[in-house]
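As stored in run03.pdb (PDB, C-alpha atoms):
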```pdb
ATOM      1  CA  MET W  25       0.000   0.000   0.000
ATOM      2  CA  ALA W  26       1.017   3.633  -0.480
ATOM      3  CA  HIS W  27       1.435   5.961   2.494
ATOM      4  CA  ALA W  28       0.153   9.499   2.977
ATOM      5  CA  ASN W  29       1.629  11.745   5.655
ATOM      6  CA  ILE W  30      -1.185  14.067   6.703
ATOM      7  CA  ALA W  31      -1.938  16.120   9.792
ATOM      8  CA  GLY W  32       0.882  14.515  11.751
ATOM      9  CA  ILE W  33      -0.076  10.907  11.045
ATOM     10  CA  THR W  34       0.513   8.324   8.327
ATOM     11  CA  LEU W  35      -2.344   6.542   6.591
ATOM     12  CA  GLU W  36      -1.934   3.466   4.417
ATOM     13  CA  TYR W  37      -4.076   3.564   1.293
ATOM     14  CA  ASP W  38      -4.612   1.992  -2.095
ATOM     15  CA  VAL W  39      -6.162   3.309  -5.293
ATOM     16  CA  ALA W  40      -7.419   0.796  -7.865
ATOM     17  CA  GLY W  41     -10.025   0.371 -10.581
ATOM     18  CA  ALA W  42     -10.779   2.749 -13.439
ATOM     19  CA  ALA W  43      -8.586   5.846 -13.190
ATOM     20  CA  ALA W  44     -11.129   7.969 -15.080
ATOM     21  CA  GLY W  45     -14.155   6.700 -13.198
ATOM     22  CA  ASN W  46     -16.056   8.386 -10.395
ATOM     23  CA  PRO W  47     -14.091   7.938  -7.153
ATOM     24  CA  ILE W  48     -15.421   5.839  -4.284
ATOM     25  CA  VAL W  49     -13.815   5.977  -0.842
ATOM     26  CA  PHE W  50     -14.460   3.043   1.506
ATOM     27  CA  ILE W  51     -14.363   3.643   5.278
ATOM     28  CA  HIS W  52     -13.964   0.436   7.275
ATOM     29  CA  GLY W  53     -15.394  -0.255  10.706
ATOM     30  CA  ALA W  54     -13.870  -1.785  13.828
ATOM     31  CA  PHE W  55     -11.316  -4.605  13.839
ATOM     32  CA  ILE W  56     -11.274  -5.829  10.212
ATOM     33  CA  ALA W  57      -9.282  -3.159   8.403
ATOM     34  CA  ASP W  58      -9.435  -4.948   5.040
ATOM     35  CA  THR W  59     -13.150  -5.673   5.120
ATOM     36  CA  PHE W  60     -13.675  -3.889   1.787
ATOM     37  CA  LEU W  61     -11.045  -5.806  -0.201
ATOM     38  CA  PRO W  62     -13.452  -8.486  -1.505
ATOM     39  CA  LEU W  63     -15.917  -5.795  -2.579
ATOM     40  CA  ALA W  64     -13.200  -3.697  -4.224
ATOM     41  CA  ALA W  65     -12.215  -6.692  -6.382
ATOM     42  CA  GLU W  66     -15.643  -7.039  -7.998
ATOM     43  CA  PRO W  67     -15.663  -6.218 -11.746
ATOM     44  CA  SER W  68     -18.917  -4.242 -11.505
ATOM     45  CA  LEU W  69     -16.898  -1.726  -9.470
ATOM     46  CA  THR W  70     -13.317  -2.122 -10.674
ATOM     47  CA  GLU W  71     -14.209  -1.656 -14.336
ATOM     48  CA  HIS W  72     -16.116   1.586 -13.874
ATOM     49  CA  PHE W  73     -14.977   3.388 -10.702
ATOM     50  CA  ARG W  74     -11.804   4.649  -9.036
ATOM     51  CA  LEU W  75     -11.657   2.724  -5.749
ATOM     52  CA  ILE W  76      -9.947   4.207  -2.688
ATOM     53  CA  THR W  77      -9.424   1.983   0.347
ATOM     54  CA  TYR W  78      -7.376   2.922   3.398
ATOM     55  CA  HIS W  79      -6.525   1.837   6.916
ATOM     56  CA  ARG W  80      -7.829   4.286   9.477
ATOM     57  CA  ARG W  81      -5.514   5.522  12.221
ATOM     58  CA  GLY W  82      -4.714   2.695  14.619
ATOM     59  CA  TYR W  83      -5.093  -0.093  12.041
ATOM     60  CA  ALA W  84      -2.406  -2.193  10.372
ATOM     61  CA  GLY W  85       0.402   0.066   9.087
ATOM     62  CA  SER W  86      -1.324   3.403   9.696
ATOM     63  CA  SER W  87      -0.223   5.476  12.680
ATOM     64  CA  HIS W  88      -1.232   4.183  16.088
ATOM     65  CA  ILE W  89      -1.995   7.193  18.275
ATOM     66  CA  PRO W  90      -2.730   6.473  21.961
ATOM     67  CA  GLY W  91      -5.833   7.889  23.566
ATOM     68  CA  PRO W  92      -9.418   8.481  22.452
ATOM     69  CA  VAL W  93     -10.227   9.668  18.941
ATOM     70  CA  SER W  94     -13.494  11.331  17.981
ATOM     71  CA  VAL W  95     -15.743  10.553  15.033
ATOM     72  CA  ALA W  96     -15.091  14.101  13.808
ATOM     73  CA  GLN W  97     -11.332  13.503  13.838
ATOM     74  CA  GLN W  98     -11.809  10.299  11.843
ATOM     75  CA  ALA W  99     -13.832  12.262   9.292
ATOM     76  CA  THR W 100     -11.061  14.859   9.153
ATOM     77  CA  ASP W 101      -8.523  12.104   8.442
ATOM     78  CA  CYS W 102     -10.605  10.861   5.514
ATOM     79  CA  ARG W 103     -11.060  14.373   4.203
ATOM     80  CA  ALA W 104      -7.309  15.008   4.374
ATOM     81  CA  LEU W 105      -6.551  11.775   2.519
ATOM     82  CA  LEU W 106      -8.962  12.712  -0.268
ATOM     83  CA  ARG W 107      -7.368  16.140  -0.507
ATOM     84  CA  HIS W 108      -3.964  14.440  -0.712
ATOM     85  CA  LEU W 109      -5.282  12.398  -3.645
ATOM     86  CA  GLY W 110      -6.774  15.417  -5.374
ATOM     87  CA  VAL W 111     -10.361  14.189  -5.014
ATOM     88  CA  ALA W 112     -12.885  17.036  -5.094
ATOM     89  CA  ARG W 113     -16.108  14.994  -4.933
ATOM     90  CA  THR W 114     -16.677  11.314  -4.280
ATOM     91  CA  HIS W 115     -19.068   8.522  -3.483
ATOM     92  CA  VAL W 116     -18.575   7.500   0.167
ATOM     93  CA  VAL W 117     -19.181   3.999   1.527
ATOM     94  CA  GLY W 118     -19.038   3.348   5.268
ATOM     95  CA  HIS W 119     -19.457   0.087   7.164
ATOM     96  CA  SER W 120     -20.474  -0.142  10.847
ATOM     97  CA  TYR W 121     -18.419   2.470  12.750
ATOM     98  CA  GLY W 122     -17.159   3.598   9.355
ATOM     99  CA  GLY W 123     -20.766   4.504   8.553
ATOM    100  CA  CYS W 124     -20.725   6.967  11.446
ATOM    101  CA  ILE W 125     -17.568   8.520  10.038
ATOM    102  CA  ALA W 126     -19.200   8.736   6.602
ATOM    103  CA  LEU W 127     -22.207  10.555   8.058
ATOM    104  CA  GLN W 128     -19.970  13.004   9.907
ATOM    105  CA  LEU W 129     -17.978  13.603   6.730
ATOM    106  CA  ALA W 130     -21.208  14.481   4.902
ATOM    107  CA  LEU W 131     -22.086  16.968   7.631
ATOM    108  CA  ASP W 132     -18.612  18.534   7.758
ATOM    109  CA  ALA W 133     -17.838  18.591   4.029
ATOM    110  CA  PRO W 134     -21.070  18.354   2.010
ATOM    111  CA  GLU W 135     -19.295  19.667  -1.078
ATOM    112  CA  LEU W 136     -16.988  16.621  -0.986
ATOM    113  CA  VAL W 137     -19.625  13.914  -0.565
ATOM    114  CA  GLY W 138     -21.625  13.122  -3.697
ATOM    115  CA  THR W 139     -23.501  10.122  -2.331
ATOM    116  CA  LEU W 140     -23.475   8.039   0.840
ATOM    117  CA  THR W 141     -23.762   4.275   1.109
ATOM    118  CA  LEU W 142     -24.212   3.026   4.667
ATOM    119  CA  LEU W 143     -23.670  -0.656   5.466
ATOM    120  CA  GLU W 144     -25.313  -1.101   8.880
ATOM    121  CA  PRO W 145     -23.801   2.033  10.474
ATOM    122  CA  GLY W 146     -23.149   1.881  14.207
ATOM    123  CA  LEU W 147     -25.583   4.582  15.291
ATOM    124  CA  MET W 148     -26.624   4.909  18.909
ATOM    125  CA  ALA W 149     -30.210   5.986  18.272
ATOM    126  CA  GLY W 150     -33.796   4.946  18.718
ATOM    127  CA  ALA W 151     -35.183   2.433  21.197
ATOM    128  CA  SER W 152     -32.032   0.292  20.994
ATOM    129  CA  ALA W 153     -29.617   3.104  21.879
ATOM    130  CA  GLU W 154     -29.258   2.222  25.544
ATOM    131  CA  SER W 155     -28.776  -1.492  24.924
ATOM    132  CA  TYR W 156     -26.093  -0.676  22.355
ATOM    133  CA  ARG W 157     -24.307   1.621  24.795
ATOM    134  CA  THR W 158     -24.429  -1.111  27.441
ATOM    135  CA  ALA W 159     -23.087  -3.711  25.014
ATOM    136  CA  LEU W 160     -20.162  -1.493  24.022
ATOM    137  CA  ALA W 161     -19.305  -0.739  27.653
ATOM    138  CA  HIS W 162     -19.452  -4.457  28.448
ATOM    139  CA  GLY W 163     -17.123  -5.140  25.516
ATOM    140  CA  VAL W 164     -14.544  -2.710  26.882
ATOM    141  CA  GLU W 165     -14.757  -4.310  30.335
ATOM    142  CA  ARG W 166     -14.347  -7.768  28.816
ATOM    143  CA  TYR W 167     -11.348  -6.655  26.770
ATOM    144  CA  ARG W 168      -9.632  -5.370  29.893
ATOM    145  CA  ALA W 169     -10.519  -8.484  31.873
ATOM    146  CA  VAL W 170      -9.808 -11.340  29.443
ATOM    147  CA  GLY W 171      -7.714  -9.819  26.674
ATOM    148  CA  ALA W 172      -8.003  -8.932  23.026
ATOM    149  CA  ALA W 173      -8.438 -12.369  21.444
ATOM    150  CA  ILE W 174     -11.511 -13.349  23.491
ATOM    151  CA  ALA W 175     -13.053  -9.882  23.313
ATOM    152  CA  VAL W 176     -12.653  -9.665  19.521
ATOM    153  CA  ASP W 177     -14.114 -13.143  19.092
ATOM    154  CA  GLY W 178     -17.174 -12.205  21.155
ATOM    155  CA  PHE W 179     -17.693  -9.038  19.113
ATOM    156  CA  MET W 180     -17.454 -10.915  15.825
ATOM    157  CA  GLN W 181     -19.624 -13.856  16.884
ATOM    158  CA  ALA W 182     -22.433 -11.478  17.836
ATOM    159  CA  ARG W 183     -22.406  -9.988  14.343
ATOM    160  CA  TRP W 184     -21.380 -12.971  12.187
ATOM    161  CA  PRO W 185     -21.878 -16.323  13.957
ATOM    162  CA  GLY W 186     -19.272 -18.889  12.951
ATOM    163  CA  TYR W 187     -17.248 -16.238  11.127
ATOM    164  CA  GLN W 188     -13.742 -17.703  11.598
ATOM    165  CA  ASP W 189     -13.345 -20.111   8.683
ATOM    166  CA  ALA W 190     -15.245 -17.948   6.200
ATOM    167  CA  LEU W 191     -13.346 -14.802   7.126
ATOM    168  CA  GLU W 192      -9.931 -16.480   7.060
ATOM    169  CA  GLY W 193     -10.779 -18.062   3.716
ATOM    170  CA  VAL W 194     -11.417 -14.651   2.169
ATOM    171  CA  LEU W 195      -8.986 -12.494   4.184
ATOM    172  CA  PRO W 196      -6.166 -14.667   5.573
ATOM    173  CA  GLY W 197      -4.643 -13.150   8.692
ATOM    174  CA  ALA W 198      -7.573 -10.820   9.299
ATOM    175  CA  VAL W 199      -8.360 -12.224  12.736
ATOM    176  CA  ALA W 200      -4.760 -11.946  13.936
ATOM    177  CA  GLN W 201      -4.612  -8.359  12.656
ATOM    178  CA  ALA W 202      -7.901  -7.578  14.418
ATOM    179  CA  VAL W 203      -6.495  -8.840  17.708
ATOM    180  CA  ALA W 204      -3.333  -6.767  17.193
ATOM    181  CA  ASP W 205      -5.439  -3.651  16.537
ATOM    182  CA  ALA W 206      -8.058  -4.303  19.235
ATOM    183  CA  SER W 207      -6.912  -1.518  21.555
ATOM    184  CA  THR W 208      -7.749   0.999  18.822
ATOM    185  CA  TRP W 209     -11.434   0.136  19.112
ATOM    186  CA  PHE W 210     -11.801  -0.610  22.802
ATOM    187  CA  GLU W 211      -9.615   2.182  24.184
ATOM    188  CA  GLY W 212      -9.637   4.751  21.395
ATOM    189  CA  GLU W 213     -12.836   4.590  19.365
ATOM    190  CA  VAL W 214     -15.543   3.485  21.802
ATOM    191  CA  PRO W 215     -15.193   6.736  23.821
ATOM    192  CA  GLY W 216     -15.706   8.625  20.565
ATOM    193  CA  VAL W 217     -18.868   6.646  19.852
ATOM    194  CA  PHE W 218     -20.203   7.502  23.308
ATOM    195  CA  ASP W 219     -19.585  11.213  22.731
ATOM    196  CA  TRP W 220     -20.967  11.347  19.187
ATOM    197  CA  ARG W 221     -24.530  12.463  18.585
ATOM    198  CA  PHE W 222     -26.487  11.781  15.423
ATOM    199  CA  GLY W 223     -30.260  11.845  15.262
ATOM    200  CA  GLU W 224     -33.100  13.098  13.128
ATOM    201  CA  ALA W 225     -32.026  16.747  13.327
ATOM    202  CA  GLU W 226     -28.553  15.951  12.005
ATOM    203  CA  ALA W 227     -29.930  13.569   9.381
ATOM    204  CA  ARG W 228     -32.136  16.294   7.913
ATOM    205  CA  HIS W 229     -29.001  18.239   6.972
ATOM    206  CA  ILE W 230     -27.746  15.425   4.719
ATOM    207  CA  THR W 231     -29.374  16.026   1.350
ATOM    208  CA  GLN W 232     -27.169  13.797  -0.797
ATOM    209  CA  PRO W 233     -28.632  10.525  -2.121
ATOM    210  CA  VAL W 234     -28.145   7.795   0.478
ATOM    211  CA  LEU W 235     -28.294   4.014   0.124
ATOM    212  CA  SER W 236     -28.814   2.052   3.347
ATOM    213  CA  VAL W 237     -27.872  -1.624   3.070
ATOM    214  CA  LEU W 238     -29.097  -4.189   5.618
ATOM    215  CA  GLY W 239     -28.020  -7.806   5.897
ATOM    216  CA  GLY W 240     -31.015 -10.105   5.478
ATOM    217  CA  GLU W 241     -30.153 -12.068   8.636
ATOM    218  CA  SER W 242     -28.905  -9.150  10.744
ATOM    219  CA  ASP W 243     -32.216  -8.170  12.308
ATOM    220  CA  ALA W 244     -32.670 -11.686  13.658
ATOM    221  CA  LEU W 245     -29.280 -11.455  15.361
ATOM    222  CA  TRP W 246     -29.900  -8.033  16.886
ATOM    223  CA  ASP W 247     -32.981  -5.949  16.147
ATOM    224  CA  ARG W 248     -30.857  -2.803  16.461
ATOM    225  CA  PHE W 249     -29.679  -3.311  12.880
ATOM    226  CA  GLY W 250     -33.170  -3.253  11.444
ATOM    227  CA  GLU W 251     -34.221  -0.334  13.632
ATOM    228  CA  ILE W 252     -31.309   1.847  12.461
ATOM    229  CA  HIS W 253     -32.003   0.926   8.830
ATOM    230  CA  ARG W 254     -35.633   2.035   9.194
ATOM    231  CA  LEU W 255     -34.705   5.228  11.053
ATOM    232  CA  LEU W 256     -32.273   6.252   8.321
ATOM    233  CA  LEU W 257     -34.903   5.727   5.648
ATOM    234  CA  ALA W 258     -37.351   7.850   7.652
ATOM    235  CA  TRP W 259     -34.942  10.615   8.645
ATOM    236  CA  LEU W 260     -32.766  11.211   5.598
ATOM    237  CA  PRO W 261     -34.369  13.429   2.919
ATOM    238  CA  ASP W 262     -33.179  11.324  -0.042
ATOM    239  CA  ALA W 263     -32.695   7.731   1.078
ATOM    240  CA  GLU W 264     -33.416   4.291  -0.291
ATOM    241  CA  GLY W 265     -32.838   0.856   1.160
ATOM    242  CA  VAL W 266     -31.600  -2.549   0.066
ATOM    243  CA  VAL W 267     -31.763  -5.800   2.025
ATOM    244  CA  LEU W 268     -29.139  -8.349   1.013
ATOM    245  CA  PRO W 269     -30.522 -11.880   1.572
ATOM    246  CA  GLY W 270     -28.543 -14.447   3.536
ATOM    247  CA  THR W 271     -26.043 -12.013   5.032
ATOM    248  CA  THR W 272     -25.261 -10.517   8.422
ATOM    249  CA  HIS W 273     -23.241  -7.511   9.575
ATOM    250  CA  PHE W 274     -20.179  -8.270   7.430
ATOM    251  CA  LEU W 275     -22.286  -8.504   4.289
ATOM    252  CA  GLN W 276     -19.614  -7.084   1.977
ATOM    253  CA  VAL W 277     -17.327  -9.998   2.902
ATOM    254  CA  GLN W 278     -20.065 -12.639   2.850
ATOM    255  CA  GLU W 279     -21.637 -11.530  -0.436
ATOM    256  CA  PRO W 280     -19.302  -9.138  -2.258
ATOM    257  CA  ARG W 281     -20.862  -9.686  -5.673
ATOM    258  CA  GLY W 282     -24.383  -8.887  -4.543
ATOM    259  CA  THR W 283     -23.186  -5.920  -2.511
ATOM    260  CA  ALA W 284     -21.155  -4.580  -5.430
ATOM    261  CA  ALA W 285     -24.114  -4.933  -7.795
ATOM    262  CA  ALA W 286     -26.348  -2.940  -5.448
ATOM    263  CA  LEU W 287     -23.720  -0.223  -5.090
ATOM    264  CA  ALA W 288     -22.966  -0.027  -8.813
ATOM    265  CA  THR W 289     -26.654   0.357  -9.648
ATOM    266  CA  PHE W 290     -26.979   3.152  -7.082
ATOM    267  CA  PHE W 291     -23.840   4.946  -8.297
ATOM    268  CA  ASP W 292     -24.906   4.696 -11.936
ATOM    269  CA  ARG W 293     -28.147   6.488 -11.089
ATOM    270  CA  HIS W 294     -26.251   9.204  -9.231
ATOM    271  CA  SER W 295     -23.178   9.689 -11.383
ATOM    272  CA  LEU W 296     -20.940  12.543 -10.302
ATOM    273  CA  PRO W 297     -19.702  15.286 -12.613
ATOM    274  CA  HIS W 298     -15.984  15.385 -13.234
ATOM    275  CA  PRO W 299     -14.811  18.696 -11.734
ATOM    276  CA  PRO W 300     -11.230  19.849 -12.118
ATOM    277  CA  VAL W 301      -8.949  17.744  -9.952
ATOM    278  CA  GLN W 302      -7.735  19.562  -6.869
ATOM    279  CA  PRO W 303      -3.990  20.102  -6.547
ATOM    280  CA  SER W 304      -2.477  17.106  -4.790
ATOM    281  CA  GLU W 305      -0.921  17.626  -1.396
ATOM    282  CA  ARG W 306       1.140  14.472  -1.517
ATOM    283  CA  GLY W 307       3.510  13.697   1.286
ATOM    284  CA  ALA W 308       6.074  10.914   1.351
ATOM    285  CA  GLN W 309       4.937   7.773  -0.455
TER     286      GLN W 309
END
```

Structure translated into structure tokens:
Amino acid sequence: MAHANIAGITLEYDVAGAAAGNPIVFIHGAFIADTFLPLAAEPSLTEHFRLITYHRRGYAGSSHIPGPVSVAQQATDCRALLRHLGVARTHVVGHSYGGCIALQLALDAPELVGTLTLLEPGLMAGASAESYRTALAHGVERYRAVGAAIAVDGFMQARWPGYQDALEGVLPGAVAQAVADASTWFEGEVPGVFDWRFGEAEARHITQPVLSVLGGESDALWDRFGEIHRLLLAWLPDAEGVVLPGTTHFLQVQEPRGTAAALATFFDRHSLPHPPVQPSERGAQ
């Protein structure tokens, strides 16, 4: 991967696909930093779009900064990376906690975000907000009590039962990397989730087209997923929804072809103009 030195940190990133196509930036969630790699290999995306994946601060080879980090700071990191790449307007795809970052990016830099695609974003809203807060706090306590490996496994099992073999088959080494990066989530990002606020009032300010994608089996695992999907469709001024059959929270890993097809159809209907490319602010590569 290439490296961008921005705002005092280094972010690993990769750019692939069609150089002349509309850009798409993918913002990963907790633990699995390469969760978008299967999706970014699908021809329906690679042949038509410029695909930007990166490791957020605290993951893999990107800078590990001790202490809490806010959702707003994560959005600033993404914005700085896009500026470094000369991207003036882009499709934005966020998964889980990455969906929160995507929403904040749309609020902070609406001129940059052409469309939003949200794959089960980790919002603390609605009737399930308190149970989600409790679950996250319990996860932090468990991490401190029993260690990263057990805590990460519990997190993953709750969102993708029996995930190990399937995940390792698609992304070898992903579990070991998740354990190595676990402190980023439990000690750094969970406090930011607790402090972040996003509800109907904030949603009304996001006027870009939004696609909310729900795993077909996710609601049965935890009804929070279905509730957030329905709230987004009700709150956002220009939103549509897709349910991907047979998948759970890591739907883009479980069913990359179906996910890519849904995204490509959405992007084709909301193609972005090609403005002049911004001057690159490239640091050391």

Where does the PyMOL selection byres ((chain W and resi 85) around 12) land in this file, that is, which residues does it pick, as a ChimeraX atom specification?
/W:25-28,33-37,57-58,78-84,86-89,201,204-205

Save out the residues we just selected, C-alpha atoms, as a PDB file, in the coordinates of the input.
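Output below, filename selection-v8.pdb:
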```pdb
ATOM      1  CA  MET W  25       0.000   0.000   0.000  1.00  0.00           C
ATOM      2  CA  ALA W  26       1.017   3.633  -0.480  1.00  0.00           C
ATOM      3  CA  HIS W  27       1.435   5.961   2.494  1.00  0.00           C
ATOM      4  CA  ALA W  28       0.153   9.499   2.977  1.00  0.00           C
ATOM      5  CA  ILE W  33      -0.076  10.907  11.045  1.00  0.00           C
ATOM      6  CA  THR W  34       0.513   8.324   8.327  1.00  0.00           C
ATOM      7  CA  LEU W  35      -2.344   6.542   6.591  1.00  0.00           C
ATOM      8  CA  GLU W  36      -1.934   3.466   4.417  1.00  0.00           C
ATOM      9  CA  TYR W  37      -4.076   3.564   1.293  1.00  0.00           C
ATOM     10  CA  ALA W  57      -9.282  -3.159   8.403  1.00  0.00           C
ATOM     11  CA  ASP W  58      -9.435  -4.948   5.040  1.00  0.00           C
ATOM     12  CA  TYR W  78      -7.376   2.922   3.398  1.00  0.00           C
ATOM     13  CA  HIS W  79      -6.525   1.837   6.916  1.00  0.00           C
ATOM     14  CA  ARG W  80      -7.829   4.286   9.477  1.00  0.00           C
ATOM     15  CA  ARG W  81      -5.514   5.522  12.221  1.00  0.00           C
ATOM     16  CA  GLY W  82      -4.714   2.695  14.619  1.00  0.00           C
ATOM     17  CA  TYR W  83      -5.093  -0.093  12.041  1.00  0.00           C
ATOM     18  CA  ALA W  84      -2.406  -2.193  10.372  1.00  0.00           C
ATOM     19  CA  SER W  86      -1.324   3.403   9.696  1.00  0.00           C
ATOM     20  CA  SER W  87      -0.223   5.476  12.680  1.00  0.00           C
ATOM     21  CA  HIS W  88      -1.232   4.183  16.088  1.00  0.00           C
ATOM     22  CA  ILE W  89      -1.995   7.193  18.275  1.00  0.00           C
ATOM     23  CA  GLN W 201      -4.612  -8.359  12.656  1.00  0.00           C
ATOM     24  CA  ALA W 204      -3.333  -6.767  17.193  1.00  0.00           C
ATOM     25  CA  ASP W 205      -5.439  -3.651  16.537  1.00  0.00           C
TER      26      ASP W 205
END
```

Shell of 8 Å around W:Glu213, only C-alpha atoms, local chain residues under 2 positions omitted, as JSON, numbers by chain
{"W": [92, 93, 94, 95, 208, 209, 210, 211, 215, 216, 217]}

Skip W:Val267 itself and residues of its chain fewer than 3 positions away, then list as a PyMOL selection string all residues within 6 Å of it, counting only C-alpha atoms.
chain W and resi 237-240

Sorted by chain and rising residue number, list the residues of stretch 241-261 of chain W at most 12 Å from stretch 119-130 of chain W (counting only C-alpha atoms), each with its closest atom pair and distance in Å to one decimal, as a Markdown table.
```
| residue | atom | partner | partner_atom | distance |
| --- | --- | --- | --- | --- |
| W:Phe249 | CA | W:Ser120 | CA | 9.9 |
| W:Ile252 | CA | W:Ser120 | CA | 11.1 |
| W:His253 | CA | W:Ser120 | CA | 11.8 |
| W:Leu256 | CA | W:Leu127 | CA | 11.0 |
| W:Leu260 | CA | W:Leu127 | CA | 10.9 |
```

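For the choices W:Asn46, W:Gln98, W:Ser295, W:Gln188, the atom-to-atom distance to W:Phe73 is smallest for W:Asn46 when using all atoms listed in the file.
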
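In terms of minimum interatomic distance to W:Thr289, W:His72 ranks closest within W:His108, W:His72, W:Arg113, W:His273, counting all atoms listed in the file.
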
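Minimum atom-to-atom distances from W:Asp292, W:Asp247, W:Glu241, W:Glu192 to W:Thr59 were compared using only C-alpha atoms, and the lowest value belongs to W:Glu192.
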
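Note that atom CA of W:Thr283 and atom CA of W:Ala65 are 11.7 Å apart.
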
Could you jot down the atom CA of W:Leu255 to atom CA of W:Leu296 separation for me, Å, one decimal place?
26.4 Å

Give as a PyMOL selection string the residues that the PyMOL selection byres ((chain W and resi 166) around 12) matches when applied to the coordinates above.
chain W and resi 159-165+167-179+206+210-211

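The environment of W:Ala284 within 10 Å, counting all atoms listed in the file and disregarding residues fewer than 6 places along the same chain, consists of Pro62, Leu63, Ala64, Ala65, Glu66, Pro67, Ser68, Leu69, Thr70, Gln276 and Phe290 of chain W.
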
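Proximity of W:Gly212, W:Pro297, W:Gly223, W:Pro280 to W:Pro90, computed with all atoms listed in the file, is greatest for W:Gly212.
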
Contacts of W:Val117 at 9 Å (only C-alpha atoms; same-chain gap of 5+ positions) as a PDB file with C-alpha atoms, keeping the file's coordinate frame:
```pdb
ATOM      1  CA  ILE W  48     -15.421   5.839  -4.284  1.00  0.00           C
ATOM      2  CA  VAL W  49     -13.815   5.977  -0.842  1.00  0.00           C
ATOM      3  CA  PHE W  50     -14.460   3.043   1.506  1.00  0.00           C
ATOM      4  CA  ILE W  51     -14.363   3.643   5.278  1.00  0.00           C
ATOM      5  CA  HIS W  52     -13.964   0.436   7.275  1.00  0.00           C
ATOM      6  CA  GLY W 122     -17.159   3.598   9.355  1.00  0.00           C
ATOM      7  CA  GLY W 123     -20.766   4.504   8.553  1.00  0.00           C
ATOM      8  CA  ALA W 126     -19.200   8.736   6.602  1.00  0.00           C
ATOM      9  CA  THR W 139     -23.501  10.122  -2.331  1.00  0.00           C
ATOM     10  CA  LEU W 140     -23.475   8.039   0.840  1.00  0.00           C
ATOM     11  CA  THR W 141     -23.762   4.275   1.109  1.00  0.00           C
ATOM     12  CA  LEU W 142     -24.212   3.026   4.667  1.00  0.00           C
ATOM     13  CA  LEU W 143     -23.670  -0.656   5.466  1.00  0.00           C
TER      14      LEU W 143
END
```
